[in-house]
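Reviewing the structure listed below.
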Amino acid sequence: MDRFAAMEAFVRVVESGTFTKAAEALGRPKAAVTRLIQQLEAQLRVKLLHRTTRRVTVTPEGMTYYQQALRLLGEVRELESTLTQTRRGPRGRVRVESSGTISRLLIVPALPSFYARYPQMQVELGVSDRVVDLLSDNVDCAIRGGAVKDESLVARHLGDLRYQFCAAPRYVERHGPPRHPQELAGPAHTVISYFSSPSGKQLPFTFNREGERLEVQGRSLLTLNETNAYLAAGLAGLGVMYAPRFVLEPYLASGELVPVLEGWLPDARPLFLVYPPARQRDAGLRVFIDWVVELFAGRTNL
């Protein structure tokens, strides 16, 4: 038995929750991962996992072994990364999750500078507004807006997203400009709504002006859960919308969108780079994290 491979397989099964996902992450057949775990349990003479047809859970002994195995694997990877980086710079693949607008407008255009600095690195960028489980989906880090509720993740604050209300000129011509936030709940106007993927709930519009805060559930004909589609709906004149200023700037400059409800501001949203603490030992992930933090530190128009 390759004890190192068995240890790595066990850690992947615990983190992903299934043998199938662990096998996919390791690039091994499921039967091979199952065999490694069986050999490991036989070697240790202890049951590490409870298996059912639907799920895999960790025994108390398995959790103790997992914590120590995670530490040892991290130390081995850190040693290998240090030697490799000393010889030829960091290399490897980093899997990242980010929203469509942040990926399209901020991350992808800046990637040439990352590759110029780290030519042996590869980035696998998952583009979606859904909140992924970093461990079970084998994701190294994610860029997320809003509060980070998972206390098991390290969160690096990248800045605060500033939003603005706007609409397409054709919408304003048809309906007139709204004069007060409460008008968006009446029959004269429509809003383009966004719904949360995890909960399925439609998010209300929030308004702030000189210490006054309002929350309005506008009259909506269309509700979406992806930022690029949301922007397209606004450009099509389907209702009043709001989005981060860095997204709206070119459309406001060209006149494809116009500001509405000026003086009222939506809630700002903090933006974080999050990652599991065990992954920060990887040299490739560390340089990517540092690059992202540096990239956002240079921006003043979020």
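We label chains A, B, ... in the order they appear in the structure tokens, count residues from 1 in each chain, and number ligands from 1 in the order shown.
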Exercise for the section: Find the spatial neighbours of Pro244 of chain A, counting only C-alpha atoms, within a cut-off of 8 Å - ignore same-chain residues fewer than 3 positions away - and output them as a list in words. Expected result: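 Listing them by chain and then by number gives Leu161, Arg162, Tyr163, Gln164, Val247, Leu248 and Leu302 of chain A.
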Take the residues just selected and output them with N, CA and C atoms as a PDB file, in the first residue's frame.
```
ATOM      1  N   LEU A 161     -18.135  46.742  -2.787  1.00  0.00           N
ATOM      2  CA  LEU A 161     -18.827  47.015  -4.041  1.00  0.00           C
ATOM      3  C   LEU A 161     -19.828  48.144  -3.820  1.00  0.00           C
ATOM      4  N   ARG A 162     -19.703  49.209  -4.620  1.00  0.00           N
ATOM      5  CA  ARG A 162     -20.620  50.346  -4.555  1.00  0.00           C
ATOM      6  C   ARG A 162     -21.610  50.241  -5.710  1.00  0.00           C
ATOM      7  N   TYR A 163     -22.892  50.387  -5.400  1.00  0.00           N
ATOM      8  CA  TYR A 163     -23.936  50.156  -6.390  1.00  0.00           C
ATOM      9  C   TYR A 163     -24.616  51.464  -6.793  1.00  0.00           C
ATOM     10  N   GLN A 164     -25.342  51.405  -7.920  1.00  0.00           N
ATOM     11  CA  GLN A 164     -26.077  52.567  -8.411  1.00  0.00           C
ATOM     12  C   GLN A 164     -27.362  52.087  -9.093  1.00  0.00           C
ATOM     13  N   VAL A 247     -19.331  47.949 -13.121  1.00  0.00           N
ATOM     14  CA  VAL A 247     -20.060  47.276 -14.196  1.00  0.00           C
ATOM     15  C   VAL A 247     -20.807  48.297 -15.052  1.00  0.00           C
ATOM     16  N   LEU A 248     -21.386  49.314 -14.419  1.00  0.00           N
ATOM     17  CA  LEU A 248     -22.255  50.266 -15.110  1.00  0.00           C
ATOM     18  C   LEU A 248     -21.505  51.362 -15.860  1.00  0.00           C
ATOM     19  N   LEU A 302     -14.699  50.310  -7.334  1.00  0.00           N
ATOM     20  CA  LEU A 302     -15.578  49.149  -7.163  1.00  0.00           C
ATOM     21  C   LEU A 302     -17.006  49.609  -6.836  1.00  0.00           C
TER      22      LEU A 302
END
```
Practice task
Could you give me, as a VMD selection string, each residue of segment 78-296 of chain A that DSSP assigns to alpha helix (DSSP H) when run on this structure's backbone?
Solution key: chain A and resid 78 to 88 100 to 102 108 to 117 169 to 175 227 to 235 245 to 254 283 to 296
Practice task
Find the residue from A:His50, A:Arg174, A:Arg104, A:Arg286 that sits nearest to Leu238 of chain A; use only C-alpha atoms when measuring.
Solution key: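 The closest residue to Leu238 of chain A is A:Arg174.
Minimum distance to Thr227 of chain A across A:Asn301, A:Ser113, A:Ser136, A:Ser196 (counting only C-alpha atoms) occurs at A:Ser196.
The nearest approach to Tyr66 of chain A among the residues A:Val148, A:Val132, A:Ala278, A:Lys30, with only C-alpha atoms taken into account, belongs to A:Ala278.
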Exercise for the section: Find the spatial neighbours of Ser220 of chain A, counting only C-alpha atoms, within a cut-off of 6 Å - ignore same-chain residues fewer than 2 positions away - and output them as a PyMOL selection string. Expected result: chain A and resi 190-192+218+222
Output file for the residues above (C-alpha atoms, as a PDB file, in the first residue's frame):
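Heads up, here's the output in part-v2.pdb:
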```
ATOM      1  CA  THR A 190     -41.193  47.538 -12.784  1.00  0.00           C
ATOM      2  CA  VAL A 191     -37.880  46.370 -11.378  1.00  0.00           C
ATOM      3  CA  ILE A 192     -35.485  43.651 -12.481  1.00  0.00           C
ATOM      4  CA  GLY A 218     -40.528  46.212  -6.248  1.00  0.00           C
ATOM      5  CA  LEU A 222     -38.371  39.170 -14.447  1.00  0.00           C
TER       6      LEU A 222
END
```
Exercise for the section: May I ask which of the residues A:Asp150, A:Asp267, A:Glu75, A:Glu226 is the closest one to Ser128 of chain A, counting only C-alpha atoms? Expected result: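 When distances to Ser128 of chain A are compared using only C-alpha atoms, the smallest one comes from A:Glu226.
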Practice task
Tell me which of A:Val274, A:Val127, A:Ala31, A:Val14 sits closest to Thr64 of chain A, counting only C-alpha atoms.
Solution key: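 The shortest atom-to-atom distance to Thr64 of chain A comes from A:Val14.
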Exercise for the section: With a distance cut-off of 12 Å and only C-alpha atoms, select the neighbouring residues of Pro112 of chain A, excluding the residue or stretch itself and same-chain residues fewer than 4 positions from it, and output the selection as a PyMOL selection string. Expected result: chain A and resi 106-108+116-119+121-123+291
May I have the selected residues written with all heavy atoms, as a compact mmCIF listing (two decimals), in the first residue's frame?
```txt
# COMPACT_ATOMS: atom_id res chain seq x y z
N LEU A 106 -12.79 42.10 -14.42
CA LEU A 106 -11.65 42.36 -13.54
C LEU A 106 -10.58 41.27 -13.61
O LEU A 106 -9.40 41.58 -13.81
CB LEU A 106 -12.14 42.51 -12.09
CG LEU A 106 -13.15 43.63 -11.83
CD1 LEU A 106 -13.52 43.68 -10.35
CD2 LEU A 106 -12.62 44.97 -12.30
N ILE A 107 -10.97 40.01 -13.46
CA ILE A 107 -9.97 38.94 -13.35
C ILE A 107 -9.36 38.60 -14.71
O ILE A 107 -8.12 38.66 -14.88
CB ILE A 107 -10.59 37.68 -12.72
CG1 ILE A 107 -11.11 37.98 -11.31
CG2 ILE A 107 -9.54 36.56 -12.67
CD1 ILE A 107 -10.05 38.41 -10.33
N VAL A 108 -10.19 38.25 -15.69
CA VAL A 108 -9.66 37.80 -16.99
C VAL A 108 -8.80 38.86 -17.68
O VAL A 108 -7.71 38.54 -18.17
CB VAL A 108 -10.81 37.32 -17.89
CG1 VAL A 108 -10.30 37.02 -19.30
CG2 VAL A 108 -11.46 36.06 -17.30
N ALA A 116 2.60 36.53 -16.83
CA ALA A 116 3.93 37.09 -17.07
C ALA A 116 4.81 36.91 -15.84
O ALA A 116 6.02 36.68 -15.95
CB ALA A 116 3.81 38.58 -17.43
N ARG A 117 4.19 36.99 -14.68
CA ARG A 117 4.94 36.83 -13.43
C ARG A 117 5.15 35.36 -13.07
O ARG A 117 6.19 34.98 -12.55
CB ARG A 117 4.18 37.55 -12.30
CG ARG A 117 5.00 37.79 -11.05
CD ARG A 117 4.16 38.48 -9.97
NE ARG A 117 3.61 39.75 -10.41
CZ ARG A 117 2.83 40.52 -9.64
NH1 ARG A 117 2.51 40.12 -8.41
NH2 ARG A 117 2.36 41.67 -10.10
N TYR A 118 4.13 34.53 -13.37
CA TYR A 118 4.18 33.11 -13.00
C TYR A 118 3.83 32.25 -14.23
O TYR A 118 2.71 31.73 -14.33
CB TYR A 118 3.20 32.82 -11.86
CG TYR A 118 3.39 33.74 -10.67
CD1 TYR A 118 2.44 34.72 -10.36
CD2 TYR A 118 4.53 33.64 -9.86
CE1 TYR A 118 2.61 35.56 -9.27
CE2 TYR A 118 4.71 34.48 -8.77
CZ TYR A 118 3.76 35.44 -8.49
OH TYR A 118 3.93 36.28 -7.42
N PRO A 119 4.73 32.11 -15.16
CA PRO A 119 4.42 31.44 -16.44
C PRO A 119 4.10 29.97 -16.32
O PRO A 119 3.53 29.39 -17.26
CB PRO A 119 5.69 31.67 -17.27
CG PRO A 119 6.78 31.90 -16.26
CD PRO A 119 6.13 32.60 -15.12
N MET A 121 2.15 28.63 -13.98
CA MET A 121 0.89 28.44 -13.27
C MET A 121 -0.27 28.32 -14.26
O MET A 121 -0.23 28.89 -15.35
CB MET A 121 0.62 29.63 -12.33
CG MET A 121 1.51 29.67 -11.10
SD MET A 121 1.21 28.27 -9.99
CE MET A 121 -0.52 28.53 -9.58
N GLN A 122 -1.28 27.57 -13.86
CA GLN A 122 -2.52 27.44 -14.62
C GLN A 122 -3.69 27.83 -13.73
O GLN A 122 -3.69 27.51 -12.54
CB GLN A 122 -2.73 26.00 -15.11
CG GLN A 122 -1.71 25.53 -16.13
CD GLN A 122 -1.94 24.06 -16.47
OE1 GLN A 122 -1.80 23.18 -15.63
NE2 GLN A 122 -2.29 23.80 -17.71
N VAL A 123 -4.67 28.51 -14.31
CA VAL A 123 -5.86 28.93 -13.58
C VAL A 123 -7.07 28.26 -14.20
O VAL A 123 -7.29 28.34 -15.41
CB VAL A 123 -6.04 30.46 -13.60
CG1 VAL A 123 -7.34 30.85 -12.90
CG2 VAL A 123 -4.85 31.14 -12.93
N TRP A 291 -1.65 37.94 -5.68
CA TRP A 291 -1.89 38.69 -6.91
C TRP A 291 -3.29 39.29 -6.92
O TRP A 291 -3.47 40.46 -7.30
CB TRP A 291 -1.71 37.76 -8.11
CG TRP A 291 -2.03 38.40 -9.42
CD1 TRP A 291 -1.25 39.26 -10.13
CD2 TRP A 291 -3.25 38.24 -10.18
NE1 TRP A 291 -1.90 39.65 -11.29
CE2 TRP A 291 -3.11 39.03 -11.34
CE3 TRP A 291 -4.40 37.48 -9.98
CZ2 TRP A 291 -4.12 39.10 -12.30
CZ3 TRP A 291 -5.41 37.55 -10.93
CH2 TRP A 291 -5.26 38.35 -12.08
```
Handout entry: Interatomic distance (Å, one decimal) between atom CA of Glu183 of chain A and atom CA of Arg219 of chain A
Key =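 One can read the atom CA of Glu183 of chain A to atom CA of Arg219 of chain A distance as 9.4 Å.
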Which polymer residues have any atom within 9 Å of an atom of Asn208 of chain A, counting only C-alpha atoms, with same-chain residues fewer than 3 positions away left out, as a PDB file with N, CA and C atoms, in the first residue's frame?
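Here's the written file part33.pdb:
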```pdb
ATOM      1  N   GLY A 211     -28.943  59.060   6.116  1.00  0.00           N
ATOM      2  CA  GLY A 211     -29.330  58.370   7.335  1.00  0.00           C
ATOM      3  C   GLY A 211     -30.660  57.657   7.260  1.00  0.00           C
ATOM      4  N   GLU A 212     -31.422  57.886   6.205  1.00  0.00           N
ATOM      5  CA  GLU A 212     -32.703  57.185   6.029  1.00  0.00           C
ATOM      6  C   GLU A 212     -32.468  55.922   5.196  1.00  0.00           C
ATOM      7  N   ARG A 213     -33.075  54.821   5.623  1.00  0.00           N
ATOM      8  CA  ARG A 213     -32.938  53.560   4.891  1.00  0.00           C
ATOM      9  C   ARG A 213     -34.308  52.956   4.632  1.00  0.00           C
ATOM     10  N   LEU A 214     -34.537  52.584   3.366  1.00  0.00           N
ATOM     11  CA  LEU A 214     -35.797  51.964   2.965  1.00  0.00           C
ATOM     12  C   LEU A 214     -35.504  50.615   2.327  1.00  0.00           C
ATOM     13  N   GLY A 263     -29.278  60.316  -5.578  1.00  0.00           N
ATOM     14  CA  GLY A 263     -29.333  60.705  -4.168  1.00  0.00           C
ATOM     15  C   GLY A 263     -29.631  59.528  -3.266  1.00  0.00           C
ATOM     16  N   TRP A 264     -30.272  58.493  -3.823  1.00  0.00           N
ATOM     17  CA  TRP A 264     -30.507  57.250  -3.089  1.00  0.00           C
ATOM     18  C   TRP A 264     -29.454  56.229  -3.502  1.00  0.00           C
ATOM     19  N   LEU A 265     -28.866  55.556  -2.517  1.00  0.00           N
ATOM     20  CA  LEU A 265     -27.811  54.584  -2.805  1.00  0.00           C
ATOM     21  C   LEU A 265     -28.197  53.204  -2.263  1.00  0.00           C
ATOM     22  N   PRO A 266     -27.969  52.149  -3.029  1.00  0.00           N
ATOM     23  CA  PRO A 266     -28.170  50.799  -2.487  1.00  0.00           C
ATOM     24  C   PRO A 266     -27.115  50.493  -1.429  1.00  0.00           C
ATOM     25  N   ASP A 267     -27.361  49.450  -0.632  1.00  0.00           N
ATOM     26  CA  ASP A 267     -26.352  48.997   0.331  1.00  0.00           C
ATOM     27  C   ASP A 267     -25.075  48.595  -0.409  1.00  0.00           C
TER      28      ASP A 267
END
```
Practice task
Find the residues around Ala142 of chain A up to 6 Å (only C-alpha atoms counted), leave out those fewer than 4 positions away in its own chain, and share them as a list of chain:residue names.
Solution key: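 Residues meeting the cut-off are A:Val96, A:Glu97, A:Ser98, A:Leu273, A:Val274.
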Problem - Residue with smallest distance to Ala185 of chain A - pool A:Arg130, A:Val58, A:Phe205, A:Phe19, counting only C-alpha atoms - result: A:Phe205
Fill in the blank from the handout: Computed gap from atom CA of Thr52 of chain A to atom CA of Leu26 of chain A is 21.7 Å
Within 9 Å of Pro178 of chain A, counting only C-alpha atoms, which residues show up once you throw out same-chain ones fewer than 3 positions away? Write them as a compact mmCIF listing (two decimals) with N, CA, C and O atoms, in the first residue's frame, please.
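Resulting contents of part-v4.txt:
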```txt
# COMPACT_ATOMS: atom_id res chain seq x y z
N VAL A 172 -37.26 54.68 -19.37
CA VAL A 172 -37.60 55.99 -18.80
C VAL A 172 -38.57 56.72 -19.71
O VAL A 172 -39.50 57.41 -19.25
N HIS A 175 -42.08 54.97 -19.04
CA HIS A 175 -42.66 55.01 -17.69
C HIS A 175 -42.38 56.31 -16.94
O HIS A 175 -42.99 56.56 -15.89
N PRO A 181 -38.30 55.90 -4.05
CA PRO A 181 -38.20 54.44 -4.05
C PRO A 181 -39.53 53.71 -3.94
O PRO A 181 -39.72 52.66 -4.56
N GLN A 182 -40.49 54.26 -3.18
CA GLN A 182 -41.76 53.56 -2.99
C GLN A 182 -42.55 53.42 -4.29
O GLN A 182 -43.42 52.55 -4.41
N GLU A 183 -42.25 54.26 -5.28
CA GLU A 183 -42.95 54.16 -6.57
C GLU A 183 -42.66 52.82 -7.26
O GLU A 183 -43.46 52.36 -8.09
N LEU A 184 -41.53 52.20 -6.91
CA LEU A 184 -41.17 50.94 -7.57
C LEU A 184 -42.08 49.79 -7.16
O LEU A 184 -42.12 48.75 -7.82
N ALA A 188 -46.92 51.83 -11.69
CA ALA A 188 -46.30 52.63 -12.76
C ALA A 188 -44.93 52.12 -13.17
O ALA A 188 -44.44 52.45 -14.26
N HIS A 189 -44.30 51.31 -12.31
CA HIS A 189 -42.91 50.92 -12.59
C HIS A 189 -42.71 49.42 -12.40
O HIS A 189 -43.51 48.74 -11.73
N VAL A 240 -36.21 48.95 -13.74
CA VAL A 240 -35.15 49.61 -12.97
C VAL A 240 -34.25 48.53 -12.39
O VAL A 240 -34.73 47.49 -11.92
N VAL A 260 -31.10 56.73 -12.26
CA VAL A 260 -32.42 57.07 -11.71
C VAL A 260 -32.31 57.09 -10.20
O VAL A 260 -31.38 56.53 -9.62
N LEU A 261 -33.27 57.75 -9.57
CA LEU A 261 -33.31 57.86 -8.11
C LEU A 261 -31.97 58.36 -7.56
O LEU A 261 -31.44 57.83 -6.57
```
